[in-house]
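Enquirer: Once you've had a glance at the structure underneath, I'll fire off some questions.
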Amino acid sequence: MKKIINNVENIVPEMVSGLVRSNSDLVEEIPGTTAVVRADAKFASADQVGIVSGGGSGHEPLHAGFVGDGMLSAAVAGEVFTSPTPDQIYEAIKAVDKGKGVLLIVKNYSGDVMNFDMAKEMAEAEDIKIGTVIVDDDISVENSEFTQGKRGVAGTVLVEKILGAAARAGKSLEDLVNLGKSVINNTKTIGIALKAATVPAVGHPGFDLKDDEIEFGIGIHNERGYSVEKIQPSKQLSEELVAKIIDEFDDKTGKFAVLINGMGGTPLMEQYIFANDTFDNLKAKNIDVGYSRVGNMVTSLDMVGISLTIMKVEPQWIDWLNEPATTIAW
Amino acid sequence: MKKIINNVENIVPEMVSGLVRSNSDLVEEIPGTTAVVRADAKFASADQVGIVSGGGSGHEPLHAGFVGDGMLSAAVAGEVFTSPTPDQIYEAIKAVDKGKGVLLIVKNYSGDVMNFDMAKEMAEAEDIKIGTVIVDDDISVENSEFTQGKRGVAGTVLVEKILGAAARAGKSLEDLVNLGKSVINNTKTIGIALKAATVPAVGHPGFDLKDDEIEFGIGIHNERGYSVEKIQPSKQLSEELVAKIIDEFDDKTGKFAVLINGMGGTPLMEQYIFANDTFDNLKAKNIDVGYSRVGNMVTSLDMVGISLTIMKVEPQWIDWLNEPATTIAW
Amino acid sequence: MQLTLDEATKWINSFVEKIEHNSATLNELDTAIGDGDHGTNMDRGAKAISEALSKKSPENLSELLKTTAFAMIQKVGGASGPLYGTALLDMSKAAKENDDLAALVQVGADGIKRRGQSDVKMKTMIDVWQPVADDLQAGSLSTDQVTAALNSTKDMVATKGRASYLEEKSAGHLDPGSQSSAYLFESLVEVIGG
Amino acid sequence: MQLTLDEATKWINSFVEKIEHNSATLNELDTAIGDGDHGTNMDRGAKAISEALSKKSPENLSELLKTTAFAMIQKVGGASGPLYGTALLDMSKAAKENDDLAALVQVGADGIKRRGQSDVKMKTMIDVWQPVADDLQAGSLSTDQVTAALNSTKDMVATKGRASYLEEKSAGHLDPGSQSSAYLFESLVEVIGG
Ligand SMILES: Nc1ncnc2c1ncn2[C@@H]1O[C@H](COP(=O)(O)OP(=O)(O)O)[C@@H](O)[C@H]1O
Ligand SMILES: Nc1ncnc2c1ncn2[C@@H]1O[C@H](COP(=O)(O)OP(=O)(O)O)[C@@H](O)[C@H]1O
Ligand SMILES: [Mg+2]
Ligand SMILES: [Mg+2]
Ligand SMILES: [Mg+2]
Ligand SMILES: [Mg+2]
């Protein structure tokens with residue numbers, strides 16, 4: 001393993017410090033934590049529901065890169081691929097509560113769900129109103145009562161953008177929870193990997209793929225997917241993902257938002273080629289794309305791969321996606 | 001080689017098409033070329049010197065990602081790591097000339113210099129005023145009359161930002177050429193690679209590095225650097241680069257801008273850790289950082305590595321760097 | 001049997017040591033069917049426990065368990081942090097009234113079930129905690145019993161936790177949280193005798 | 001000697017073929033001391049030349065050279081596009097007045113020097129073009145002479161083009177642009193005889 005780090009234990013605090021120091025007009029650290037909170041001039045007077053997200057590190061720019069006016073109020077960074085602890089989340093909640101309550105956006109992983117849940121219990125004990133939405137957009141995993149359910153992956157960033165804009169527009173905590181549930185229900189993602197990520201503490205890729213193999217349905221923490229196939233041209237890769245995702249929507253009319261997300265080690269060049277094929281494949285299925293975005297948004301360390309997210313959107317959601325947000329990475 | 005592409009010959013047109021289709025509010029293709037030009041509402045009435053840049057592909061988001069209000073007017077994409085041809089550059093020049101002339105921002109590679117030069121001759125034959133600035137910020141290469149001179153690398157994006165803002169502010173072509181030369185004189189970069197890039201047509205990394213080796217002084221087209229060393233902690237890597245770069249500035253007072261640039265395969269996590277160490281190392285040398293930026297701006301396909309750019313800035317330049325620009329990637 | 005403060009302190013210290021010595025093994029197990037960090041997570045917790053206990057010696061069993069719980073909650077994160085944290089915090093509360101070992105471990109197992117919305121046979125640490133609680137209730141605990149509980153997770157298909165995403169492919173591997181729990185109860189056996 | 005349209009057409013066709021067959025070799029040479037694309041670049045040019053010539057047969061030598069030049073200028077890019085393009089365009093202009101082969105190749109070499117701000121001994125294609133022009137001027141050209149010119153680039157230290165960034169490390173490798181130029185003049189020898 002070759003990485004530009006100092007030592008494995010200090011990765012997260014050093015990363016958060018580097019992020020804050022290079023963006024001190026936008027964010028600041030919450031003392032004693034690895035959480036960051038808005039530091040822009042508007043924040044002091046922002047009279048809105050606070051929005052806190054967070055999770056394990058290794059998915060940068062998610063979440064700290066999306067803290068700012070019109071998106072998240074604070075983000076909590078856990079250790080690499082490890083949910084942050086409840087006390088840190090609780091500090092972030094306290095830092096953003098303006099008396100209107102705080103919405104927690106949580107990716108559906110048992111660790112995240114449990115730690116945010118404990119933080120919620122702590123905040124409620126201090127009479128802070130808390131709402132929670134759990135993002136579970138990864139349709140490569142079966143959803144059933146007997147399992148953990150679907151994972152939360154790249155769609156999270158679109159959820160954060162829409163809820164962030166809606167919160168800025170003055171929506172109540174209750175409205176935001178309902179909006180969030182509706183957005184999440186309409187968000188579906190599948191990811192593929194050409195090479196697994198190397199967790200610094202482990203030192204080698206999380207799984208092996210041969211030189212001509214590609215794994216379909218991976219998660220953002222090196223979770224294996226639903227099948228290993230031979231590498232195919234971008235056109236076919238896109239075709240398979242588009243077909244699988246569109247199949248999940250009962251209603252294929254109306255507008256859709258599309259996110260092509262790089263996993264960290266895949267250059268923009270390939271993401272744009274995949275985007276080009278995806279526009280073709282969606283057109284062939286008469287899907288009307290009302291919003292699109294391409295880039296490294298929800299990564300998995302140095303994983304080589306890509307994910308495709310498609311969201312069925314209401315007109316108002318497109319406006320919220322298009323509204324400017326003053327963050328590091330949106 | 002595993003890449004998300006269709007076939008090697010179509011990489012550039014498909015990439016440009018994907019970029020334009022996912023950002024149709026910002027840019028459009030110039031018909032018959034792989035060049036993109038501003039498509040925003042403001043462009044039609046923009047009464048300013050046009051700014052055209054371009055070069056080989058593989059450095060995304062450079063240059064097309066920086067086309068928009070306040071930055072480039074058009075960008076020309078050549079084949080992978082290959083300068084675009086004069087006819088394409090000429091089309092871009094024609095598409096952006098508003099009668100005030102066109103500034104060409106060229107990275108110092110013989111191919112780019114010669115092709116832009118031929119395009120300039122073509123445009124001047126049509127009575128379009130042309131100014132050229134040649135970016136040569138890579139101080140890992142010796143500059144002497146007997147050589148090609150220093151390469152143009154990551155500093156290019158800062159040059160584009162400052163000149164783009166200055167052009168929007170109404171500066172004349174002549175002023176922009178002078179400003180550009182002055183900015184370039186004050187911009188210095190060194191890059192390091194942990195793994196070379198794989199050019200799609202070649203199919204394997206451009207050079208080999210052992211598991212514990214790192215190459216100092218690489219260019220953005222797999223050009224080898226000045227030394228191969230054992231991998232070191234980020235703190236020391238940064239220390240070496242900071243020392244080498246700062247040494248080149250005669251005057252170490254005043255403000256400096258800092259760009260930490262990912263080469264394509266290095267996650268943001270490591271870039272922020274390196275940024276954190278760089279802030280420390282600059283502080284130890286009493287360097288006053290007035291602007292900073294971290295991210296994948298000028299990449300080299302899937303190269304794993306990072307570059308550090310430091311620019312001695314005048315107060316006005318900081319304002320120009322901070323001004324918003326409506327582009328895909330700034 | 002009653003658990004004394006002295007026994008519990010030895011128990012926790014031995015657990016800390018085992019985690020520190022075996023964090024690579026836990027990471028490897030978690031790499032196979034999770035995300036490769038269970039050892040790193042638990043090691044962070046182990047170090048936090050040592051530090052907290054070295055700062056201030058607990059005055060009673062409940063305090064010891066509470067200090068241990070807080071260290072886990074504040075430093076581990078992931079799934080295992082809130083699970084071990086909840087188990088130990090619930091045990092700490094219960095220990096104020098009752099220091100019966102079997103009852104305490106059952107309280108811990110119940111805490112994990114509540115926090116994790118889970119139960120036995122889901123290929124989680126519960127598959128070690130619950131059998132151990134049962135064995136203690138039945139009167140004795142041996143390392144063989146702990147090992148048997150751990151090994152029972154091997155052929156299970158996970159339905160909770162990260163391994164559940166692998167569905168059938170999760171079978172054939174030990175559950176990492178069960179391995180760390182096995183270290184916990186092997187330490188207990190060392191202290192209370194087989 | 002005079003260069004006829006017929007000879008020149010065979011020359012260019014043979015060059016196109018050699019480039020298409022050897023693009024991988026050119027990429028490999030360029031990978032060692034450049035950026036690995038010289039074969040891909042030249043192959044794009046070769047295909048463009050074929051296409052342009054198949055669309056419309058040139059009526060005279062100047063037109064043939066011009067068509068070839070434009071194909072290179074518009075399709076190759078990189079350093080080699082404007083260099084070959086300028087050489088051929090200048091040769092096309094000169095061919096209107098003078099069809100002496102040695103004089104034409106010298107015009108081409110001068111065009112490369114002008115466009116590239118370069119000269120012999122800089123480890124560029126000029127180190128093939130100039131010796132070949134000299135040999136033709138002296139009355140004959142053989143593949144051995146072409147090969148000798150090409151091989152002379154091996155030990156040179158590059159001071160122009162991408163290889164110059166390697167400084168001393170550029171020695172020990174053939175210059176890729178000289179290899180493609182060697183193909184050009186080997187094709188010429190085939191046509192005009194050794
Ligand atoms: N819902 C749950 N109920 C009980 N135990 C669980 C649950 N989810 C996970 N676990 C346990 O946690 C262990 C994983 O811990 P760890 O790797 O530290 O966390 P993460 O999965 O967040 O990376 C699993 O091996 C399993 O024993
Ligand atoms: N300034 C120059 N003058 C003459 N020849 C040059 C010059 N720069 C480059 N070359 C030639 O061009 C060749 C490289 O061409 P190519 O690889 O296609 O372009 P690029 O270097 O842009 O990738 C070199 O091998 C050399 O022969
Ligand atoms: Mg984890
Ligand atoms: Mg090139
Ligand atoms: Mg884990
Ligand atoms: Mg080349």
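Going through the structure tokens in order, the chains are called A, B, and so on, while each chain numbers its residues from 1 and the ligands are numbered from 1 in the order shown.
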So that I can see what lies close to segment 91-104 of chain B, please list as a ChimeraX atom specification the residues with an atom at most 10 Å from it, counting only C-alpha atoms and leaving out residues fewer than 4 positions away in the same chain.
Expert: /B:29-38,43-54,72-76,86-87,116-117,119-120,122-123,126-134,163-164,167,170-174,176-177,180
Enquirer: What are the residues of chain A that have an atom within 8 Å of an atom of chain B, counting only C-alpha atoms, as a ChimeraX atom specification?
Expert: /A:1-7,11,14-19,21-23,58,60-61,194,211-212,231,233-235,264-277,279,292-294,301-302
Enquirer: Include C-alpha atoms and write out the residues we just selected as an mmCIF file, in the first residue's frame.
Expert:
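Printed below is again26.cif as written:
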```cif
data_model
loop_
_atom_site.group_PDB
_atom_site.id
_atom_site.type_symbol
_atom_site.label_atom_id
_atom_site.label_comp_id
_atom_site.auth_asym_id
_atom_site.auth_seq_id
_atom_site.Cartn_x
_atom_site.Cartn_y
_atom_site.Cartn_z
ATOM 1 C CA MET A 1 0.000 0.000 0.000
ATOM 2 C CA LYS A 2 1.271 3.447 -0.990
ATOM 3 C CA LYS A 3 -0.694 6.358 0.373
ATOM 4 C CA ILE A 4 0.018 9.995 1.131
ATOM 5 C CA ILE A 5 -0.601 9.826 4.855
ATOM 6 C CA ASN A 6 1.341 10.131 8.078
ATOM 7 C CA ASN A 7 0.042 7.436 10.340
ATOM 8 C CA ILE A 11 -5.903 10.080 9.098
ATOM 9 C CA GLU A 14 -5.519 15.437 9.820
ATOM 10 C CA MET A 15 -7.889 15.216 6.885
ATOM 11 C CA VAL A 16 -10.549 17.274 8.635
ATOM 12 C CA SER A 17 -7.929 19.805 9.648
ATOM 13 C CA GLY A 18 -6.662 20.102 6.055
ATOM 14 C CA LEU A 19 -10.194 20.548 4.792
ATOM 15 C CA ARG A 21 -7.747 25.101 6.891
ATOM 16 C CA SER A 22 -8.157 25.263 3.140
ATOM 17 C CA ASN A 23 -11.787 26.416 3.407
ATOM 18 C CA GLY A 58 -13.367 7.643 2.951
ATOM 19 C CA GLU A 60 -14.959 12.502 0.418
ATOM 20 C CA PRO A 61 -16.193 15.027 -0.560
ATOM 21 C CA LEU A 194 -13.033 -2.436 -11.406
ATOM 22 C CA ASP A 211 -7.568 -8.107 -14.950
ATOM 23 C CA ASP A 212 -10.709 -8.564 -17.026
ATOM 24 C CA ILE A 231 -15.267 -6.228 -18.475
ATOM 25 C CA PRO A 233 -17.649 -1.589 -23.178
ATOM 26 C CA SER A 234 -19.062 1.409 -21.338
ATOM 27 C CA LYS A 235 -22.181 1.288 -23.498
ATOM 28 C CA GLY A 264 -12.370 7.799 -6.237
ATOM 29 C CA GLY A 265 -9.886 6.120 -8.585
ATOM 30 C CA THR A 266 -11.771 6.515 -11.867
ATOM 31 C CA PRO A 267 -10.905 9.617 -13.905
ATOM 32 C CA LEU A 268 -13.536 12.114 -15.008
ATOM 33 C CA MET A 269 -12.764 11.112 -18.610
ATOM 34 C CA GLU A 270 -14.325 7.700 -18.071
ATOM 35 C CA GLN A 271 -17.196 9.153 -16.065
ATOM 36 C CA TYR A 272 -18.111 11.422 -18.978
ATOM 37 C CA ILE A 273 -17.923 8.554 -21.476
ATOM 38 C CA PHE A 274 -20.210 6.543 -19.225
ATOM 39 C CA ALA A 275 -22.497 9.591 -18.941
ATOM 40 C CA ASN A 276 -22.673 9.879 -22.697
ATOM 41 C CA ASP A 277 -23.730 6.242 -23.001
ATOM 42 C CA PHE A 279 -27.918 9.580 -21.892
ATOM 43 C CA SER A 292 -27.807 15.578 -14.342
ATOM 44 C CA ARG A 293 -24.490 15.676 -12.597
ATOM 45 C CA VAL A 294 -21.150 13.901 -13.103
ATOM 46 C CA LEU A 301 -11.238 5.746 -1.000
ATOM 47 C CA ASP A 302 -9.263 4.751 -4.115
#
```
Enquirer: Could you give me the residues within 7 Å of ligand 5, counting only C-alpha atoms and all ligand atoms, as an mmCIF file with N, CA, C and O atoms, in the first residue's frame?
Expert:
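Below is the file result.cif, written as the result:
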```
data_model
loop_
_atom_site.group_PDB
_atom_site.id
_atom_site.type_symbol
_atom_site.label_atom_id
_atom_site.label_comp_id
_atom_site.auth_asym_id
_atom_site.auth_seq_id
_atom_site.Cartn_x
_atom_site.Cartn_y
_atom_site.Cartn_z
ATOM 1 N N THR A 82 -16.151 3.840 9.104
ATOM 2 C CA THR A 82 -16.693 3.517 10.424
ATOM 3 C C THR A 82 -17.576 4.655 10.896
ATOM 4 O O THR A 82 -17.132 5.804 10.952
ATOM 5 N N ASP C 30 -13.187 -9.286 9.182
ATOM 6 C CA ASP C 30 -14.140 -8.276 8.720
ATOM 7 C C ASP C 30 -13.901 -7.934 7.241
ATOM 8 O O ASP C 30 -14.812 -7.472 6.553
ATOM 9 N N GLY C 34 -17.143 -8.040 5.673
ATOM 10 C CA GLY C 34 -17.585 -6.719 6.115
ATOM 11 C C GLY C 34 -16.740 -5.677 5.449
ATOM 12 O O GLY C 34 -16.487 -5.743 4.253
ATOM 13 N N ASP C 35 -16.245 -4.722 6.222
ATOM 14 C CA ASP C 35 -15.475 -3.641 5.613
ATOM 15 C C ASP C 35 -14.066 -3.535 6.199
ATOM 16 O O ASP C 35 -13.398 -2.526 6.021
ATOM 17 N N GLY C 36 -13.645 -4.556 6.892
ATOM 18 C CA GLY C 36 -12.226 -4.659 7.229
ATOM 19 C C GLY C 36 -11.750 -3.838 8.408
ATOM 20 O O GLY C 36 -10.555 -3.660 8.582
ATOM 21 N N ASP C 37 -12.672 -3.331 9.230
ATOM 22 C CA ASP C 37 -12.213 -2.424 10.280
ATOM 23 C C ASP C 37 -12.538 -2.885 11.694
ATOM 24 O O ASP C 37 -12.261 -2.156 12.645
ATOM 25 N N HIS C 38 -13.087 -4.059 11.854
ATOM 26 C CA HIS C 38 -13.544 -4.407 13.199
ATOM 27 C C HIS C 38 -12.387 -4.439 14.202
ATOM 28 O O HIS C 38 -12.546 -4.000 15.351
ATOM 29 N N GLY C 78 -18.792 2.883 14.339
ATOM 30 C CA GLY C 78 -19.203 1.707 13.584
ATOM 31 C C GLY C 78 -20.395 1.037 14.235
ATOM 32 O O GLY C 78 -21.131 1.651 15.022
#
```
Enquirer: When you count only C-alpha atoms, which of these residues is closest to chain C: A:Glu223, A:Glu229, A:Asp208, A:Asp175?
Expert: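 Selected residue with least distance to chain C: A:Glu223.
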Enquirer: Could you report the residues within 7 Å of ligand 1, using only C-alpha atoms and all ligand atoms, as a PyMOL selection string?
Expert: (chain A and resi 81-83+110-111) or (chain C and resi 30+34-38+41-42+78-81+83+112-113+116-118+123-126+160-162+175-178)
Enquirer: Okay, now the selection with N, CA, C and O atoms, as a short mmCIF file (atom, residue, chain, number, x, y, z; two decimals), in the first residue's frame?
Expert:
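And here's result_9.cif as it stands now:
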```cif
data_model
loop_
_atom_site.label_atom_id
_atom_site.label_comp_id
_atom_site.auth_asym_id
_atom_site.auth_seq_id
_atom_site.Cartn_x
_atom_site.Cartn_y
_atom_site.Cartn_z
N PHE A 81 -14.42 4.37 7.00
CA PHE A 81 -15.48 3.35 6.81
C PHE A 81 -16.16 2.97 8.12
O PHE A 81 -16.70 1.87 8.25
N THR A 82 -16.15 3.84 9.10
CA THR A 82 -16.69 3.52 10.42
C THR A 82 -17.58 4.66 10.90
O THR A 82 -17.13 5.80 10.95
N SER A 83 -18.79 4.34 11.26
CA SER A 83 -19.70 5.38 11.73
C SER A 83 -19.07 6.22 12.84
O SER A 83 -18.34 5.71 13.68
N SER A 110 -25.85 -0.43 9.64
CA SER A 110 -26.23 -0.64 11.04
C SER A 110 -25.47 0.30 11.97
O SER A 110 -26.04 0.87 12.88
N GLY A 111 -24.15 0.49 11.68
CA GLY A 111 -23.38 1.36 12.56
C GLY A 111 -23.92 2.78 12.55
O GLY A 111 -24.16 3.37 13.61
N ASP C 30 -13.19 -9.29 9.18
CA ASP C 30 -14.14 -8.28 8.72
C ASP C 30 -13.90 -7.93 7.24
O ASP C 30 -14.81 -7.47 6.55
N GLY C 34 -17.14 -8.04 5.67
CA GLY C 34 -17.59 -6.72 6.12
C GLY C 34 -16.74 -5.68 5.45
O GLY C 34 -16.49 -5.74 4.25
N ASP C 35 -16.24 -4.72 6.22
CA ASP C 35 -15.47 -3.64 5.61
C ASP C 35 -14.07 -3.54 6.20
O ASP C 35 -13.40 -2.53 6.02
N GLY C 36 -13.65 -4.56 6.89
CA GLY C 36 -12.23 -4.66 7.23
C GLY C 36 -11.75 -3.84 8.41
O GLY C 36 -10.55 -3.66 8.58
N ASP C 37 -12.67 -3.33 9.23
CA ASP C 37 -12.21 -2.42 10.28
C ASP C 37 -12.54 -2.89 11.69
O ASP C 37 -12.26 -2.16 12.65
N HIS C 38 -13.09 -4.06 11.85
CA HIS C 38 -13.54 -4.41 13.20
C HIS C 38 -12.39 -4.44 14.20
O HIS C 38 -12.55 -4.00 15.35
N ASN C 41 -11.43 -0.84 14.94
CA ASN C 41 -12.46 -0.24 15.80
C ASN C 41 -12.29 -0.68 17.25
O ASN C 41 -12.28 0.13 18.18
N MET C 42 -12.17 -2.00 17.43
CA MET C 42 -12.10 -2.55 18.79
C MET C 42 -10.81 -2.13 19.47
O MET C 42 -10.77 -1.91 20.69
N GLY C 78 -18.79 2.88 14.34
CA GLY C 78 -19.20 1.71 13.58
C GLY C 78 -20.39 1.04 14.23
O GLY C 78 -21.13 1.65 15.02
N ALA C 79 -20.59 -0.24 13.93
CA ALA C 79 -21.69 -0.98 14.55
C ALA C 79 -21.29 -1.45 15.94
O ALA C 79 -22.09 -1.42 16.88
N SER C 80 -20.05 -1.87 16.09
CA SER C 80 -19.65 -2.49 17.34
C SER C 80 -19.62 -1.51 18.51
O SER C 80 -19.88 -1.91 19.65
N GLY C 81 -19.36 -0.24 18.25
CA GLY C 81 -19.32 0.75 19.33
C GLY C 81 -20.63 0.86 20.07
O GLY C 81 -20.69 0.62 21.29
N LEU C 83 -23.08 -1.15 20.02
CA LEU C 83 -23.54 -2.46 20.51
C LEU C 83 -22.84 -2.83 21.82
O LEU C 83 -23.50 -3.08 22.82
N ILE C 112 -27.89 -5.54 23.32
CA ILE C 112 -27.45 -5.66 21.93
C ILE C 112 -28.64 -5.90 21.01
O ILE C 112 -28.76 -5.30 19.95
N LYS C 113 -29.55 -6.78 21.46
CA LYS C 113 -30.73 -7.07 20.64
C LYS C 113 -31.56 -5.81 20.42
O LYS C 113 -32.06 -5.56 19.33
N GLY C 116 -29.52 -3.29 18.20
CA GLY C 116 -29.28 -3.78 16.85
C GLY C 116 -30.54 -4.28 16.16
O GLY C 116 -30.48 -4.69 15.01
N GLN C 117 -31.66 -4.22 16.87
CA GLN C 117 -32.91 -4.76 16.31
C GLN C 117 -32.67 -6.15 15.75
O GLN C 117 -33.06 -6.47 14.63
N SER C 118 -32.06 -6.97 16.59
CA SER C 118 -31.61 -8.26 16.07
C SER C 118 -31.79 -9.34 17.12
O SER C 118 -32.17 -9.07 18.25
N LYS C 123 -26.18 -14.23 12.58
CA LYS C 123 -24.74 -14.16 12.35
C LYS C 123 -24.19 -12.84 12.88
O LYS C 123 -23.55 -12.06 12.14
N THR C 124 -24.50 -12.57 14.14
CA THR C 124 -23.92 -11.39 14.80
C THR C 124 -23.36 -11.81 16.14
O THR C 124 -23.50 -12.97 16.56
N MET C 125 -22.81 -10.86 16.84
CA MET C 125 -22.22 -11.13 18.15
C MET C 125 -23.24 -11.73 19.12
O MET C 125 -22.85 -12.37 20.12
N ILE C 126 -24.52 -11.54 18.84
CA ILE C 126 -25.55 -12.13 19.70
C ILE C 126 -25.41 -13.65 19.75
O ILE C 126 -25.72 -14.28 20.76
N LYS C 160 -28.29 -9.55 9.51
CA LYS C 160 -28.09 -8.21 10.09
C LYS C 160 -26.63 -7.82 9.91
O LYS C 160 -25.77 -8.69 9.73
N GLY C 161 -26.37 -6.53 10.01
CA GLY C 161 -24.98 -6.07 9.88
C GLY C 161 -24.55 -6.10 8.42
O GLY C 161 -25.27 -6.54 7.54
N ARG C 162 -23.34 -5.62 8.23
CA ARG C 162 -22.81 -5.44 6.89
C ARG C 162 -22.74 -6.75 6.10
O ARG C 162 -22.92 -6.76 4.88
N ASP C 175 -18.16 -14.69 12.02
CA ASP C 175 -18.58 -13.30 12.19
C ASP C 175 -17.56 -12.55 13.05
O ASP C 175 -17.24 -13.00 14.17
N PRO C 176 -17.04 -11.44 12.55
CA PRO C 176 -15.98 -10.75 13.32
C PRO C 176 -16.43 -10.30 14.71
O PRO C 176 -15.67 -10.43 15.68
N GLY C 177 -17.64 -9.78 14.83
CA GLY C 177 -18.12 -9.34 16.14
C GLY C 177 -18.25 -10.51 17.10
O GLY C 177 -18.08 -10.34 18.32
N SER C 178 -18.54 -11.68 16.56
CA SER C 178 -18.61 -12.87 17.41
C SER C 178 -17.22 -13.25 17.88
O SER C 178 -17.03 -13.73 19.00
#
```
Enquirer: Give me, as a tab-separated table, each residue of chain B that comes within 9 Å of chain D, together with its shortest interatomic pair and the distance in Å at one decimal, counting only C-alpha atoms, with rows ordered by chain and rising residue number.
Expert:
```
residue	atom	partner	partner_atom	distance
B:Gly55	CA	D:Gly78	CA	8.8
B:Gly56	CA	D:Gly78	CA	7.8
B:Gly78	CA	D:Gly77	CA	7.1
B:Glu79	CA	D:Gly77	CA	7.7
B:Val80	CA	D:Asp37	CA	8.1
B:Phe81	CA	D:Asp35	CA	7.1
B:Thr82	CA	D:Gly78	CA	4.5
B:Ser83	CA	D:Gly78	CA	4.2
B:Pro84	CA	D:Gly77	CA	5.0
B:Thr85	CA	D:Gly77	CA	4.5
B:Pro86	CA	D:Gln74	CA	6.9
B:Asp87	CA	D:Gln74	CA	6.2
B:Gln88	CA	D:Gln74	CA	8.0
B:Tyr109	CA	D:Arg162	CA	7.1
B:Ser110	CA	D:Gly161	CA	5.7
B:Gly111	CA	D:Ala79	CA	3.5
B:Asp112	CA	D:Gly78	CA	6.6
B:Val113	CA	D:Ala79	CA	8.5
B:Met114	CA	D:Pro82	CA	6.3
B:Asn115	CA	D:Pro82	CA	6.1
B:Asp117	CA	D:Arg115	CA	8.9
B:Met118	CA	D:Pro82	CA	7.7
B:Ser140	CA	D:Tyr165	CA	9.0
B:Val141	CA	D:Tyr165	CA	6.1
B:Glu142	CA	D:Tyr165	CA	8.0
B:Phe146	CA	D:Thr159	CA	6.2
B:Thr147	CA	D:Thr159	CA	4.6
B:Gln148	CA	D:Lys160	CA	5.0
B:Gly149	CA	D:Tyr165	CA	8.2
B:Lys150	CA	D:Tyr165	CA	8.0
B:Arg151	CA	D:Tyr165	CA	8.3
B:Val199	CA	D:Gly36	CA	7.4
B:Ala201	CA	D:Thr40	CA	7.1
B:Val202	CA	D:Gly36	CA	6.7
B:Gly206	CA	D:Thr31	CA	6.0
B:Phe207	CA	D:Ala32	CA	7.9
B:Gly219	CA	D:Tyr165	CA	8.7
B:His221	CA	D:Asp35	CA	5.6
B:Asn222	CA	D:Asp35	CA	6.0
B:Glu223	CA	D:Gly34	CA	6.4
B:Arg224	CA	D:Leu166	CA	6.6
B:Gly225	CA	D:Leu166	CA	7.3
B:Tyr226	CA	D:Leu166	CA	7.9
```
Enquirer: Output C-alpha atoms of each residue in that selection to a file, as a compact mmCIF listing (two decimals), in the first residue's frame.
Expert:
```
# COMPACT_ATOMS: atom_id res chain seq x y z
CA GLY B 55 -4.40 20.85 -24.91
CA GLY B 56 -4.33 17.09 -24.89
CA GLY B 78 -6.99 17.14 -28.25
CA GLU B 79 -6.55 13.39 -28.28
CA VAL B 80 -5.30 11.86 -25.03
CA PHE B 81 -2.04 13.59 -24.04
CA THR B 82 -1.85 15.10 -27.54
CA SER B 83 -2.18 18.73 -28.49
CA PRO B 84 -5.32 19.57 -30.46
CA THR B 85 -4.93 20.50 -34.13
CA PRO B 86 -4.75 24.10 -35.39
CA ASP B 87 -8.05 23.94 -37.29
CA GLN B 88 -9.95 23.09 -34.09
CA TYR B 109 4.74 21.63 -24.51
CA SER B 110 6.21 21.70 -27.98
CA GLY B 111 3.04 20.23 -29.48
CA ASP B 112 0.73 22.74 -27.83
CA VAL B 113 3.00 25.65 -28.61
CA MET B 114 3.28 24.71 -32.29
CA ASN B 115 -0.41 23.92 -32.86
CA ASP B 117 0.99 28.99 -33.10
CA MET B 118 -0.39 27.65 -36.38
CA SER B 140 11.20 20.39 -11.55
CA VAL B 141 12.53 20.94 -15.07
CA GLU B 142 15.53 23.15 -15.70
CA PHE B 146 18.99 25.20 -25.00
CA THR B 147 15.94 23.27 -23.89
CA GLN B 148 12.22 23.16 -24.32
CA GLY B 149 11.99 25.04 -21.03
CA LYS B 150 9.72 24.27 -18.12
CA ARG B 151 6.44 22.42 -18.60
CA VAL B 199 -2.65 5.85 -21.57
CA ALA B 201 -3.80 3.36 -26.41
CA VAL B 202 -0.75 1.98 -24.59
CA GLY B 206 3.93 4.81 -18.51
CA PHE B 207 6.66 3.82 -16.07
CA GLY B 219 4.91 15.93 -15.57
CA HIS B 221 1.88 13.18 -19.30
CA ASN B 222 3.85 10.50 -17.48
CA GLU B 223 7.09 12.39 -18.01
CA ARG B 224 9.58 10.98 -15.51
CA GLY B 225 10.78 13.22 -12.71
CA TYR B 226 14.09 14.22 -11.16
```
Enquirer: So that I can see what lies close to segment 252-255 of chain A, please list as a PyMOL selection string the residues with an atom at most 8 Å from it, counting only C-alpha atoms and leaving out residues fewer than 5 positions away in the same chain.
Expert: chain A and resi 246+287-290+312-315
